[in-house]
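Novice: Just so it is clear, I am handing over structure-v1.pdb, which has PDB, C-alpha atoms, pLDDT in the B column.
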ATOM      1  CA  ALA A  12    -187.879 -35.313 -25.923  1.00 74.00           C
ATOM      2  CA  GLN A  13    -190.103 -35.426 -28.935  1.00 83.00           C
ATOM      3  CA  THR A  14    -189.765 -32.789 -31.630  1.00 92.00           C
ATOM      4  CA  VAL A  15    -191.975 -31.869 -34.566  1.00 95.00           C
ATOM      5  CA  THR A  16    -190.544 -30.083 -37.587  1.00 96.00           C
ATOM      6  CA  GLN A  17    -192.427 -28.216 -40.273  1.00 96.00           C
ATOM      7  CA  SER A  18    -189.692 -26.888 -42.502  1.00 94.00           C
ATOM      8  CA  GLN A  19    -191.831 -24.941 -44.989  1.00 92.00           C
ATOM      9  CA  PRO A  20    -193.116 -21.675 -43.470  1.00 92.00           C
ATOM     10  CA  GLU A  21    -195.425 -20.879 -46.386  1.00 95.00           C
ATOM     11  CA  MET A  22    -197.088 -22.566 -49.333  1.00 96.00           C
ATOM     12  CA  SER A  23    -199.502 -21.496 -52.020  1.00 97.00           C
ATOM     13  CA  VAL A  24    -201.959 -23.518 -54.100  1.00 97.00           C
ATOM     14  CA  GLN A  25    -204.344 -22.747 -56.916  1.00 97.00           C
ATOM     15  CA  GLU A  26    -208.018 -23.277 -56.134  1.00 97.00           C
ATOM     16  CA  ALA A  27    -209.174 -26.815 -57.069  1.00 97.00           C
ATOM     17  CA  GLU A  28    -205.589 -28.102 -57.153  1.00 98.00           C
ATOM     18  CA  THR A  29    -203.868 -30.455 -54.698  1.00 98.00           C
ATOM     19  CA  VAL A  30    -201.242 -29.443 -52.163  1.00 98.00           C
ATOM     20  CA  THR A  31    -199.105 -31.432 -49.721  1.00 98.00           C
ATOM     21  CA  LEU A  32    -197.854 -30.030 -46.420  1.00 98.00           C
ATOM     22  CA  SER A  33    -194.793 -31.705 -44.903  1.00 97.00           C
ATOM     23  CA  CYS A  34    -194.105 -32.700 -41.311  1.00 98.00           C
ATOM     24  CA  THR A  35    -191.391 -34.784 -39.714  1.00 97.00           C
ATOM     25  CA  TYR A  36    -191.022 -35.782 -36.108  1.00 97.00           C
ATOM     26  CA  ASP A  37    -188.488 -37.391 -33.838  1.00 95.00           C
ATOM     27  CA  THR A  38    -189.360 -39.883 -31.116  1.00 93.00           C
ATOM     28  CA  SER A  39    -188.120 -43.051 -29.486  1.00 91.00           C
ATOM     29  CA  GLU A  40    -191.651 -44.220 -28.672  1.00 88.00           C
ATOM     30  CA  SER A  41    -193.406 -46.914 -30.664  1.00 86.00           C
ATOM     31  CA  ASP A  42    -196.991 -45.979 -29.748  1.00 85.00           C
ATOM     32  CA  TYR A  43    -198.110 -42.432 -30.413  1.00 89.00           C
ATOM     33  CA  TYR A  44    -200.633 -40.303 -32.249  1.00 90.00           C
ATOM     34  CA  LEU A  45    -200.224 -37.590 -34.831  1.00 94.00           C
ATOM     35  CA  PHE A  46    -202.593 -34.754 -35.643  1.00 94.00           C
ATOM     36  CA  TRP A  47    -203.025 -31.956 -38.121  1.00 96.00           C
ATOM     37  CA  TYR A  48    -204.743 -28.829 -36.811  1.00 95.00           C
ATOM     38  CA  LYS A  49    -205.980 -25.892 -38.874  1.00 96.00           C
ATOM     39  CA  GLN A  50    -205.914 -22.320 -37.573  1.00 95.00           C
ATOM     40  CA  PRO A  51    -207.891 -19.929 -39.817  1.00 93.00           C
ATOM     41  CA  PRO A  52    -207.706 -16.133 -39.427  1.00 89.00           C
ATOM     42  CA  SER A  53    -210.270 -16.426 -36.618  1.00 86.00           C
ATOM     43  CA  ARG A  54    -207.391 -18.078 -34.649  1.00 87.00           C
ATOM     44  CA  GLN A  55    -209.478 -21.022 -33.418  1.00 88.00           C
ATOM     45  CA  MET A  56    -207.640 -24.365 -33.641  1.00 92.00           C
ATOM     46  CA  ILE A  57    -209.633 -26.962 -35.554  1.00 93.00           C
ATOM     47  CA  LEU A  58    -208.739 -30.653 -35.733  1.00 93.00           C
ATOM     48  CA  VAL A  59    -208.324 -31.729 -39.365  1.00 96.00           C
ATOM     49  CA  ILE A  60    -207.185 -35.326 -39.139  1.00 95.00           C
ATOM     50  CA  ARG A  61    -205.698 -37.882 -36.722  1.00 93.00           C
ATOM     51  CA  GLN A  62    -203.395 -40.876 -37.277  1.00 93.00           C
ATOM     52  CA  GLU A  63    -202.598 -43.707 -34.895  1.00 89.00           C
ATOM     53  CA  ALA A  64    -198.996 -44.899 -35.233  1.00 89.00           C
ATOM     54  CA  TYR A  65    -199.973 -48.568 -34.905  1.00 87.00           C
ATOM     55  CA  LYS A  66    -202.244 -48.310 -37.936  1.00 87.00           C
ATOM     56  CA  GLN A  67    -200.568 -48.788 -41.297  1.00 85.00           C
ATOM     57  CA  GLN A  68    -203.543 -47.425 -43.200  1.00 91.00           C
ATOM     58  CA  ASN A  69    -203.369 -43.713 -43.877  1.00 94.00           C
ATOM     59  CA  ALA A  70    -206.182 -41.655 -42.364  1.00 93.00           C
ATOM     60  CA  THR A  71    -208.580 -39.769 -44.640  1.00 93.00           C
ATOM     61  CA  GLU A  72    -211.271 -37.182 -43.937  1.00 92.00           C
ATOM     62  CA  ASN A  73    -213.101 -36.088 -47.078  1.00 95.00           C
ATOM     63  CA  ARG A  74    -210.619 -33.948 -49.059  1.00 97.00           C
ATOM     64  CA  PHE A  75    -207.888 -34.367 -46.459  1.00 97.00           C
ATOM     65  CA  SER A  76    -205.582 -37.366 -46.288  1.00 97.00           C
ATOM     66  CA  VAL A  77    -202.209 -38.137 -44.789  1.00 97.00           C
ATOM     67  CA  ASN A  78    -199.124 -39.978 -45.972  1.00 97.00           C
ATOM     68  CA  PHE A  79    -197.782 -41.591 -42.813  1.00 96.00           C
ATOM     69  CA  GLN A  80    -194.316 -43.109 -43.144  1.00 95.00           C
ATOM     70  CA  LYS A  81    -193.457 -44.492 -39.701  1.00 94.00           C
ATOM     71  CA  ALA A  82    -189.915 -45.608 -40.510  1.00 94.00           C
ATOM     72  CA  ALA A  83    -189.088 -42.231 -41.995  1.00 95.00           C
ATOM     73  CA  LYS A  84    -190.993 -40.433 -39.196  1.00 96.00           C
ATOM     74  CA  SER A  85    -192.880 -38.428 -41.762  1.00 96.00           C
ATOM     75  CA  PHE A  86    -196.513 -37.298 -41.600  1.00 97.00           C
ATOM     76  CA  SER A  87    -197.598 -35.153 -44.542  1.00 97.00           C
ATOM     77  CA  LEU A  88    -201.070 -33.739 -45.164  1.00 98.00           C
ATOM     78  CA  LYS A  89    -202.604 -33.747 -48.633  1.00 98.00           C
ATOM     79  CA  ILE A  90    -205.447 -31.392 -49.428  1.00 98.00           C
ATOM     80  CA  SER A  91    -207.317 -32.260 -52.613  1.00 98.00           C
ATOM     81  CA  ASP A  92    -209.569 -29.910 -54.582  1.00 97.00           C
ATOM     82  CA  SER A  93    -208.318 -26.923 -52.573  1.00 98.00           C
ATOM     83  CA  GLN A  94    -210.928 -24.347 -51.623  1.00 97.00           C
ATOM     84  CA  LEU A  95    -210.607 -20.715 -50.601  1.00 97.00           C
ATOM     85  CA  GLY A  96    -211.715 -21.693 -47.101  1.00 96.00           C
ATOM     86  CA  ASP A  97    -208.663 -23.932 -46.756  1.00 97.00           C
ATOM     87  CA  ALA A  98    -206.453 -20.853 -46.440  1.00 97.00           C
ATOM     88  CA  ALA A  99    -205.086 -20.994 -42.911  1.00 97.00           C
ATOM     89  CA  MET A 100    -202.132 -21.905 -40.775  1.00 96.00           C
ATOM     90  CA  TYR A 101    -201.680 -25.661 -40.405  1.00 97.00           C
ATOM     91  CA  PHE A 102    -199.955 -27.273 -37.442  1.00 96.00           C
ATOM     92  CA  CYS A 103    -198.643 -30.792 -37.170  1.00 96.00           C
ATOM     93  CA  ALA A 104    -198.729 -32.215 -33.621  1.00 94.00           C
ATOM     94  CA  TYR A 105    -197.476 -35.312 -31.805  1.00 93.00           C
ATOM     95  CA  THR A 106    -198.623 -36.969 -28.595  1.00 88.00           C
ATOM     96  CA  GLY A 107    -197.157 -40.028 -26.932  1.00 83.00           C
ATOM     97  CA  ALA A 108    -197.056 -41.727 -23.564  1.00 77.00           C
ATOM     98  CA  ASN A 109    -197.153 -38.504 -21.564  1.00 74.00           C
ATOM     99  CA  SER A 110    -200.254 -37.439 -23.522  1.00 74.00           C
ATOM    100  CA  LYS A 111    -198.981 -33.901 -23.982  1.00 82.00           C
ATOM    101  CA  LEU A 112    -199.187 -32.361 -27.437  1.00 87.00           C
ATOM    102  CA  THR A 113    -195.996 -31.163 -29.097  1.00 91.00           C
ATOM    103  CA  PHE A 114    -196.630 -28.789 -31.996  1.00 93.00           C
ATOM    104  CA  GLY A 115    -194.578 -27.851 -35.012  1.00 94.00           C
ATOM    105  CA  LYS A 116    -194.126 -24.171 -35.872  1.00 94.00           C
ATOM    106  CA  GLY A 117    -196.860 -24.270 -38.486  1.00 95.00           C
ATOM    107  CA  ILE A 118    -197.174 -23.530 -42.177  1.00 96.00           C
ATOM    108  CA  THR A 119    -199.228 -20.747 -43.727  1.00 96.00           C
ATOM    109  CA  LEU A 120    -201.255 -21.956 -46.696  1.00 97.00           C
ATOM    110  CA  SER A 121    -202.692 -19.467 -49.144  1.00 97.00           C
ATOM    111  CA  VAL A 122    -205.196 -20.415 -51.855  1.00 97.00           C
ATOM    112  CA  ARG A 123    -205.192 -18.486 -55.129  1.00 97.00           C
ATOM    113  CA  PRO A 124    -208.597 -18.008 -56.802  1.00 95.00           C
TER     114      PRO A 124
ATOM    115  CA  ASP B   6    -223.792 -26.516 -28.144  1.00 64.00           C
ATOM    116  CA  GLY B   7    -220.835 -27.760 -26.143  1.00 71.00           C
ATOM    117  CA  GLY B   8    -217.589 -25.875 -26.351  1.00 92.00           C
ATOM    118  CA  ILE B   9    -214.861 -23.851 -24.720  1.00 94.00           C
ATOM    119  CA  THR B  10    -215.302 -20.169 -23.927  1.00 95.00           C
ATOM    120  CA  GLN B  11    -212.335 -17.902 -23.374  1.00 97.00           C
ATOM    121  CA  SER B  12    -212.664 -14.347 -22.138  1.00 95.00           C
ATOM    122  CA  PRO B  13    -211.845 -11.633 -22.701  1.00 95.00           C
ATOM    123  CA  LYS B  14    -210.941 -11.703 -26.374  1.00 94.00           C
ATOM    124  CA  TYR B  15    -208.448  -8.863 -25.896  1.00 95.00           C
ATOM    125  CA  LEU B  16    -206.649  -7.916 -22.680  1.00 94.00           C
ATOM    126  CA  PHE B  17    -204.140  -5.231 -21.808  1.00 91.00           C
ATOM    127  CA  ARG B  18    -201.714  -5.406 -18.904  1.00 88.00           C
ATOM    128  CA  LYS B  19    -199.943  -2.571 -17.160  1.00 87.00           C
ATOM    129  CA  GLU B  20    -196.469  -2.882 -15.705  1.00 83.00           C
ATOM    130  CA  GLY B  21    -196.456  -4.773 -12.417  1.00 85.00           C
ATOM    131  CA  GLN B  22    -200.032  -5.920 -12.816  1.00 91.00           C
ATOM    132  CA  ASN B  23    -201.394  -9.453 -12.608  1.00 94.00           C
ATOM    133  CA  VAL B  24    -204.138 -10.345 -15.074  1.00 95.00           C
ATOM    134  CA  THR B  25    -206.388 -13.397 -15.253  1.00 96.00           C
ATOM    135  CA  LEU B  26    -207.617 -15.099 -18.399  1.00 97.00           C
ATOM    136  CA  SER B  27    -210.821 -17.073 -18.135  1.00 98.00           C
ATOM    137  CA  CYS B  28    -211.479 -20.505 -19.656  1.00 98.00           C
ATOM    138  CA  GLU B  29    -214.783 -22.345 -19.231  1.00 97.00           C
ATOM    139  CA  GLN B  30    -215.866 -25.601 -20.892  1.00 96.00           C
ATOM    140  CA  ASN B  31    -219.156 -27.491 -20.971  1.00 95.00           C
ATOM    141  CA  LEU B  32    -217.834 -30.581 -22.739  1.00 93.00           C
ATOM    142  CA  ASN B  33    -217.574 -32.545 -19.483  1.00 91.00           C
ATOM    143  CA  HIS B  34    -213.841 -32.986 -20.117  1.00 90.00           C
ATOM    144  CA  ASP B  35    -211.577 -33.750 -17.191  1.00 87.00           C
ATOM    145  CA  ALA B  36    -208.361 -32.445 -18.744  1.00 89.00           C
ATOM    146  CA  MET B  37    -207.698 -28.789 -19.515  1.00 93.00           C
ATOM    147  CA  TYR B  38    -204.647 -27.016 -20.929  1.00 94.00           C
ATOM    148  CA  TRP B  39    -203.195 -23.550 -21.471  1.00 97.00           C
ATOM    149  CA  TYR B  40    -200.969 -22.745 -24.434  1.00 96.00           C
ATOM    150  CA  ARG B  41    -199.063 -19.670 -25.509  1.00 97.00           C
ATOM    151  CA  GLN B  42    -198.667 -18.834 -29.206  1.00 95.00           C
ATOM    152  CA  ASP B  43    -196.065 -16.359 -30.467  1.00 93.00           C
ATOM    153  CA  PRO B  44    -195.607 -15.279 -34.100  1.00 85.00           C
ATOM    154  CA  GLY B  45    -193.638 -17.837 -36.080  1.00 77.00           C
ATOM    155  CA  GLN B  46    -193.875 -20.366 -33.276  1.00 80.00           C
ATOM    156  CA  GLY B  47    -196.090 -23.319 -32.593  1.00 85.00           C
ATOM    157  CA  LEU B  48    -198.140 -23.602 -29.446  1.00 92.00           C
ATOM    158  CA  ARG B  49    -196.193 -24.039 -26.227  1.00 94.00           C
ATOM    159  CA  LEU B  50    -197.727 -25.650 -23.139  1.00 94.00           C
ATOM    160  CA  ILE B  51    -197.927 -23.476 -20.023  1.00 97.00           C
ATOM    161  CA  TYR B  52    -199.932 -25.595 -17.578  1.00 96.00           C
ATOM    162  CA  TYR B  53    -202.301 -28.523 -17.722  1.00 93.00           C
ATOM    163  CA  SER B  54    -204.748 -30.183 -15.374  1.00 92.00           C
ATOM    164  CA  GLN B  55    -205.924 -33.775 -15.576  1.00 86.00           C
ATOM    165  CA  ILE B  56    -208.469 -33.554 -12.770  1.00 87.00           C
ATOM    166  CA  VAL B  57    -210.026 -31.058 -10.372  1.00 91.00           C
ATOM    167  CA  ASN B  58    -207.693 -29.674  -7.684  1.00 94.00           C
ATOM    168  CA  ASP B  59    -204.611 -30.933  -9.521  1.00 92.00           C
ATOM    169  CA  PHE B  60    -202.401 -29.346 -12.176  1.00 94.00           C
ATOM    170  CA  GLN B  61    -198.882 -29.672 -13.589  1.00 93.00           C
ATOM    171  CA  LYS B  62    -196.367 -27.299 -15.108  1.00 95.00           C
ATOM    172  CA  GLY B  63    -195.834 -27.428 -18.829  1.00 93.00           C
ATOM    173  CA  ASP B  64    -192.800 -26.289 -20.777  1.00 91.00           C
ATOM    174  CA  ILE B  65    -193.021 -22.547 -20.037  1.00 95.00           C
ATOM    175  CA  ALA B  66    -194.756 -22.204 -16.643  1.00 97.00           C
ATOM    176  CA  GLU B  67    -192.535 -19.454 -15.187  1.00 96.00           C
ATOM    177  CA  GLY B  68    -194.467 -16.258 -14.562  1.00 96.00           C
ATOM    178  CA  TYR B  69    -197.858 -17.968 -14.776  1.00 97.00           C
ATOM    179  CA  SER B  70    -200.217 -19.556 -12.254  1.00 97.00           C
ATOM    180  CA  VAL B  71    -203.430 -21.564 -12.530  1.00 98.00           C
ATOM    181  CA  SER B  72    -206.180 -23.032 -10.375  1.00 97.00           C
ATOM    182  CA  ARG B  73    -208.662 -25.845 -10.962  1.00 97.00           C
ATOM    183  CA  GLU B  74    -211.398 -25.586  -8.359  1.00 97.00           C
ATOM    184  CA  LYS B  75    -214.160 -26.684 -10.709  1.00 96.00           C
ATOM    185  CA  LYS B  76    -214.210 -29.174 -13.553  1.00 95.00           C
ATOM    186  CA  GLU B  77    -215.559 -26.566 -15.942  1.00 96.00           C
ATOM    187  CA  SER B  78    -213.065 -23.809 -15.203  1.00 97.00           C
ATOM    188  CA  PHE B  79    -209.296 -23.411 -15.552  1.00 98.00           C
ATOM    189  CA  PRO B  80    -208.268 -19.741 -15.197  1.00 98.00           C
ATOM    190  CA  LEU B  81    -204.741 -18.616 -16.029  1.00 98.00           C
ATOM    191  CA  THR B  82    -203.078 -15.733 -14.184  1.00 97.00           C
ATOM    192  CA  VAL B  83    -200.243 -13.918 -15.920  1.00 96.00           C
ATOM    193  CA  THR B  84    -198.192 -12.480 -13.083  1.00 94.00           C
ATOM    194  CA  SER B  85    -195.874  -9.477 -13.048  1.00 90.00           C
ATOM    195  CA  ALA B  86    -193.000 -11.976 -13.031  1.00 88.00           C
ATOM    196  CA  GLN B  87    -193.771 -12.798 -16.677  1.00 89.00           C
ATOM    197  CA  LYS B  88    -191.618 -10.168 -18.372  1.00 86.00           C
ATOM    198  CA  ASN B  89    -192.775 -10.827 -21.923  1.00 90.00           C
ATOM    199  CA  PRO B  90    -196.490 -11.588 -21.694  1.00 92.00           C
ATOM    200  CA  THR B  91    -197.527 -10.255 -25.107  1.00 94.00           C
ATOM    201  CA  ALA B  92    -198.890 -13.297 -26.958  1.00 95.00           C
ATOM    202  CA  PHE B  93    -202.002 -15.167 -27.998  1.00 96.00           C
ATOM    203  CA  TYR B  94    -203.254 -17.576 -25.335  1.00 97.00           C
ATOM    204  CA  LEU B  95    -205.285 -20.664 -26.122  1.00 96.00           C
ATOM    205  CA  CYS B  96    -207.173 -22.906 -23.725  1.00 97.00           C
ATOM    206  CA  ALA B  97    -208.025 -26.507 -24.600  1.00 94.00           C
ATOM    207  CA  SER B  98    -209.706 -29.553 -23.070  1.00 93.00           C
ATOM    208  CA  SER B  99    -209.795 -33.275 -23.702  1.00 88.00           C
ATOM    209  CA  LEU B 100    -211.171 -36.547 -22.372  1.00 82.00           C
ATOM    210  CA  THR B 101    -209.400 -38.692 -19.794  1.00 71.00           C
ATOM    211  CA  SER B 102    -210.028 -42.188 -18.541  1.00 57.00           C
ATOM    212  CA  GLY B 103    -212.055 -40.837 -15.646  1.00 51.00           C
ATOM    213  CA  THR B 104    -209.336 -41.591 -13.163  1.00 52.00           C
ATOM    214  CA  GLY B 105    -207.238 -38.698 -14.387  1.00 50.00           C
ATOM    215  CA  VAL B 106    -205.200 -40.588 -16.972  1.00 54.00           C
ATOM    216  CA  LEU B 107    -204.928 -38.657 -20.199  1.00 56.00           C
ATOM    217  CA  TYR B 108    -205.895 -40.415 -23.385  1.00 59.00           C
ATOM    218  CA  SER B 109    -203.208 -39.933 -26.013  1.00 59.00           C
ATOM    219  CA  ASN B 110    -205.637 -40.568 -28.827  1.00 66.00           C
ATOM    220  CA  GLN B 111    -208.217 -38.021 -27.775  1.00 74.00           C
ATOM    221  CA  PRO B 112    -207.912 -34.734 -29.652  1.00 79.00           C
ATOM    222  CA  GLN B 113    -207.882 -31.502 -27.758  1.00 87.00           C
ATOM    223  CA  HIS B 114    -210.703 -29.032 -28.312  1.00 90.00           C
ATOM    224  CA  PHE B 115    -209.689 -25.376 -28.329  1.00 93.00           C
ATOM    225  CA  GLY B 116    -211.280 -22.078 -27.399  1.00 94.00           C
ATOM    226  CA  ASP B 117    -211.115 -18.931 -29.533  1.00 93.00           C
ATOM    227  CA  GLY B 118    -208.171 -17.490 -27.637  1.00 95.00           C
ATOM    228  CA  THR B 119    -207.241 -14.306 -25.773  1.00 96.00           C
ATOM    229  CA  ARG B 120    -204.759 -11.776 -27.112  1.00 95.00           C
ATOM    230  CA  LEU B 121    -202.755 -10.173 -24.312  1.00 95.00           C
ATOM    231  CA  SER B 122    -200.761  -6.998 -24.843  1.00 93.00           C
ATOM    232  CA  ILE B 123    -198.699  -4.707 -22.624  1.00 86.00           C
ATOM    233  CA  LEU B 124    -199.799  -1.094 -22.206  1.00 81.00           C
TER     234      LEU B 124
END
So that I can check it, write out the structure of this file as structure tokens.
Specialist:
Amino acid sequence: AQTVTQSQPEMSVQEAETVTLSCTYDTSESDYYLFWYKQPPSRQMILVIRQEAYKQQNATENRFSVNFQKAAKSFSLKISDSQLGDAAMYFCAYTGANSKLTFGKGITLSVRP
Amino acid sequence: DGGITQSPKYLFRKEGQNVTLSCEQNLNHDAMYWYRQDPGQGLRLIYYSQIVNDFQKGDIAEGYSVSREKKESFPLTVTSAQKNPTAFYLCASSLTSGTGVLYSNQPQHFGDGTRLSIL
């Protein structure tokens, strides 16, 4: 079975600075997809970024980018120019052949003004 | 605007009572999902449905039941057999191939959730 591990329960970043959130996963599959979801205090889950395992190029979405290391099974999220609105819980998620999402336990990010 | 609507936002259950959480989507998605979220935990899959009149158990289906009579609707019933129902429940939907095969690369779209508590 696939597992997703987010080992840091909390992180803090100064506004306008850069922060990296870590995620590792375990799988025996070669084709899969990885996601980062954001859950603000409103509790709605919002897709931040998506990475296809067969693509070597790291995905980017405006201030959000990933560092995808397939051999190391690592999928970290970098947030540049952090804003107060980035404060939220962030979940890393994996989906493979069975198309079911497996989530990590999440990390709470706070942004200091 | 297309989206997923969950109701109610807050729900209270008495001992021995069954309660039903509503989930409606107008995204024309075939696949729908129910997740449970507990403090300090990620989301755990309760049930999912790839097509109307068909659904499968997820990782924590015991004490829950679902139906999928319409494409737009996927209600979740928390039965009295679920001894620890207090949690935040999230409904989601995603695209499929049209023949019921889930697309791995399609992200799931989530509703705003329902918080269930025991009286």
Novice: Starting from the displayed file, determine the output of the PyMOL selection byres ((chain B and resi 97) around 12) and express the residue list as a VMD selection string.
Specialist: (chain A and resid 55 to 58 111 to 112) or (chain B and resid 8 to 11 27 to 32 34 to 41 48 50 to 55 77 to 80 94 to 96 98 to 100 111 to 118)
Novice: Write the residues of the selection above to a file with C-alpha atoms, as a PDB file, in the frame of the given file.
Specialist:
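Saved as part.pdb:
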ATOM      1  CA  GLN A  55    -209.478 -21.022 -33.418  1.00 88.00           C
ATOM      2  CA  MET A  56    -207.640 -24.365 -33.641  1.00 92.00           C
ATOM      3  CA  ILE A  57    -209.633 -26.962 -35.554  1.00 93.00           C
ATOM      4  CA  LEU A  58    -208.739 -30.653 -35.733  1.00 93.00           C
ATOM      5  CA  LYS A 111    -198.981 -33.901 -23.982  1.00 82.00           C
ATOM      6  CA  LEU A 112    -199.187 -32.361 -27.437  1.00 87.00           C
TER       7      LEU A 112
ATOM      8  CA  GLY B   8    -217.589 -25.875 -26.351  1.00 92.00           C
ATOM      9  CA  ILE B   9    -214.861 -23.851 -24.720  1.00 94.00           C
ATOM     10  CA  THR B  10    -215.302 -20.169 -23.927  1.00 95.00           C
ATOM     11  CA  GLN B  11    -212.335 -17.902 -23.374  1.00 97.00           C
ATOM     12  CA  SER B  27    -210.821 -17.073 -18.135  1.00 98.00           C
ATOM     13  CA  CYS B  28    -211.479 -20.505 -19.656  1.00 98.00           C
ATOM     14  CA  GLU B  29    -214.783 -22.345 -19.231  1.00 97.00           C
ATOM     15  CA  GLN B  30    -215.866 -25.601 -20.892  1.00 96.00           C
ATOM     16  CA  ASN B  31    -219.156 -27.491 -20.971  1.00 95.00           C
ATOM     17  CA  LEU B  32    -217.834 -30.581 -22.739  1.00 93.00           C
ATOM     18  CA  HIS B  34    -213.841 -32.986 -20.117  1.00 90.00           C
ATOM     19  CA  ASP B  35    -211.577 -33.750 -17.191  1.00 87.00           C
ATOM     20  CA  ALA B  36    -208.361 -32.445 -18.744  1.00 89.00           C
ATOM     21  CA  MET B  37    -207.698 -28.789 -19.515  1.00 93.00           C
ATOM     22  CA  TYR B  38    -204.647 -27.016 -20.929  1.00 94.00           C
ATOM     23  CA  TRP B  39    -203.195 -23.550 -21.471  1.00 97.00           C
ATOM     24  CA  TYR B  40    -200.969 -22.745 -24.434  1.00 96.00           C
ATOM     25  CA  ARG B  41    -199.063 -19.670 -25.509  1.00 97.00           C
ATOM     26  CA  LEU B  48    -198.140 -23.602 -29.446  1.00 92.00           C
ATOM     27  CA  LEU B  50    -197.727 -25.650 -23.139  1.00 94.00           C
ATOM     28  CA  ILE B  51    -197.927 -23.476 -20.023  1.00 97.00           C
ATOM     29  CA  TYR B  52    -199.932 -25.595 -17.578  1.00 96.00           C
ATOM     30  CA  TYR B  53    -202.301 -28.523 -17.722  1.00 93.00           C
ATOM     31  CA  SER B  54    -204.748 -30.183 -15.374  1.00 92.00           C
ATOM     32  CA  GLN B  55    -205.924 -33.775 -15.576  1.00 86.00           C
ATOM     33  CA  GLU B  77    -215.559 -26.566 -15.942  1.00 96.00           C
ATOM     34  CA  SER B  78    -213.065 -23.809 -15.203  1.00 97.00           C
ATOM     35  CA  PHE B  79    -209.296 -23.411 -15.552  1.00 98.00           C
ATOM     36  CA  PRO B  80    -208.268 -19.741 -15.197  1.00 98.00           C
ATOM     37  CA  TYR B  94    -203.254 -17.576 -25.335  1.00 97.00           C
ATOM     38  CA  LEU B  95    -205.285 -20.664 -26.122  1.00 96.00           C
ATOM     39  CA  CYS B  96    -207.173 -22.906 -23.725  1.00 97.00           C
ATOM     40  CA  SER B  98    -209.706 -29.553 -23.070  1.00 93.00           C
ATOM     41  CA  SER B  99    -209.795 -33.275 -23.702  1.00 88.00           C
ATOM     42  CA  LEU B 100    -211.171 -36.547 -22.372  1.00 82.00           C
ATOM     43  CA  GLN B 111    -208.217 -38.021 -27.775  1.00 74.00           C
ATOM     44  CA  PRO B 112    -207.912 -34.734 -29.652  1.00 79.00           C
ATOM     45  CA  GLN B 113    -207.882 -31.502 -27.758  1.00 87.00           C
ATOM     46  CA  HIS B 114    -210.703 -29.032 -28.312  1.00 90.00           C
ATOM     47  CA  PHE B 115    -209.689 -25.376 -28.329  1.00 93.00           C
ATOM     48  CA  GLY B 116    -211.280 -22.078 -27.399  1.00 94.00           C
ATOM     49  CA  ASP B 117    -211.115 -18.931 -29.533  1.00 93.00           C
ATOM     50  CA  GLY B 118    -208.171 -17.490 -27.637  1.00 95.00           C
TER      51      GLY B 118
END
Novice: Kindly provide the residues of chain A that approach chain B to within 10 Å, each paired with its closest atom pair and their distance in Å to one decimal, based on only C-alpha atoms, listed by chain and increasing number, as a tab-separated table.
Specialist:
residue	atom	partner	partner_atom	distance
A:Val15	CA	B:Gly47	CA	9.7
A:Gln17	CA	B:Gly47	CA	9.8
A:Pro20	CA	B:Gly45	CA	8.3
A:Asp42	CA	B:Ser109	CA	9.4
A:Tyr43	CA	B:Ser109	CA	7.2
A:Tyr44	CA	B:Asn110	CA	6.1
A:Leu45	CA	B:Asn110	CA	8.6
A:Phe46	CA	B:Pro112	CA	8.0
A:Tyr48	CA	B:Pro112	CA	9.8
A:Ser53	CA	B:Asp117	CA	7.6
A:Arg54	CA	B:Asp117	CA	6.4
A:Gln55	CA	B:Asp117	CA	4.7
A:Met56	CA	B:Phe115	CA	5.8
A:Ile57	CA	B:Phe115	CA	7.4
A:Leu58	CA	B:Pro112	CA	7.4
A:Ile60	CA	B:Pro112	CA	9.5
A:Arg61	CA	B:Pro112	CA	8.0
A:Gln62	CA	B:Asn110	CA	8.7
A:Glu63	CA	B:Asn110	CA	7.5
A:Tyr101	CA	B:Gly47	CA	9.9
A:Phe102	CA	B:Gly47	CA	7.4
A:Cys103	CA	B:Gly47	CA	9.1
A:Ala104	CA	B:Gly47	CA	9.3
A:Tyr105	CA	B:Ser109	CA	9.4
A:Thr106	CA	B:Ser109	CA	6.0
A:Gly107	CA	B:Ser109	CA	6.1
A:Ala108	CA	B:Ser109	CA	6.9
A:Asn109	CA	B:Ser109	CA	7.6
A:Ser110	CA	B:Ser109	CA	4.6
A:Lys111	CA	B:Ser109	CA	7.6
A:Leu112	CA	B:Leu50	CA	8.1
A:Thr113	CA	B:Arg49	CA	7.7
A:Phe114	CA	B:Gly47	CA	5.5
A:Gly115	CA	B:Gly47	CA	5.4
A:Lys116	CA	B:Gly47	CA	3.9
A:Gly117	CA	B:Gly47	CA	6.0
A:Ile118	CA	B:Gly45	CA	9.1
A:Thr119	CA	B:Gly45	CA	9.9
Novice: Please tell me which residues are no farther than 9 Å from (-185.7, -32.9, -32.4) in the file, counting only C-alpha atoms, and write them as a PyMOL selection string.
Specialist: chain A and resi 12-16+36-38
Novice: Between atom CA of A:Leu120 and atom CA of A:Val24, what distance in Å does the model show, to one decimal?
Specialist: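 According to the coordinates, atom CA of A:Leu120 and atom CA of A:Val24 are separated by 7.6 Å.
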Novice: If we count all atoms listed in the file and set the cut-off at 10 Å, which residues sit around A:Met22, ignoring sequence neighbours fewer than 4 positions away in its own chain? Please answer as a ChimeraX atom specification.
Specialist: /A:30-32,98,100,118-122
Novice: Please enumerate the residues selected by the PyMOL selection byres ((chain A and resi 94) around 8) when evaluated against the supplied file, formatted as a list in words.
Specialist: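 So the PyMOL selection byres ((chain A and resi 94) around 8), applied here, picks out Glu26, Ala27, Asp92, Ser93, Leu95, Gly96, Asp97, Ala98 and Val122 of chain A.
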Novice: Here's a test: counting only C-alpha atoms, identify every protein, DNA and RNA residue with an atom at most 8 Å from (-202.6, -34.4, -43.8) in the file's coordinate frame, and state them as a PyMOL selection string.
Specialist: chain A and resi 31-32+47+59-60+75-78+86-90
Novice: Grab the atom CA of B:Leu124 to atom CA of B:Glu20 distance for me, in Å with one decimal place.
Specialist: 7.5 Å
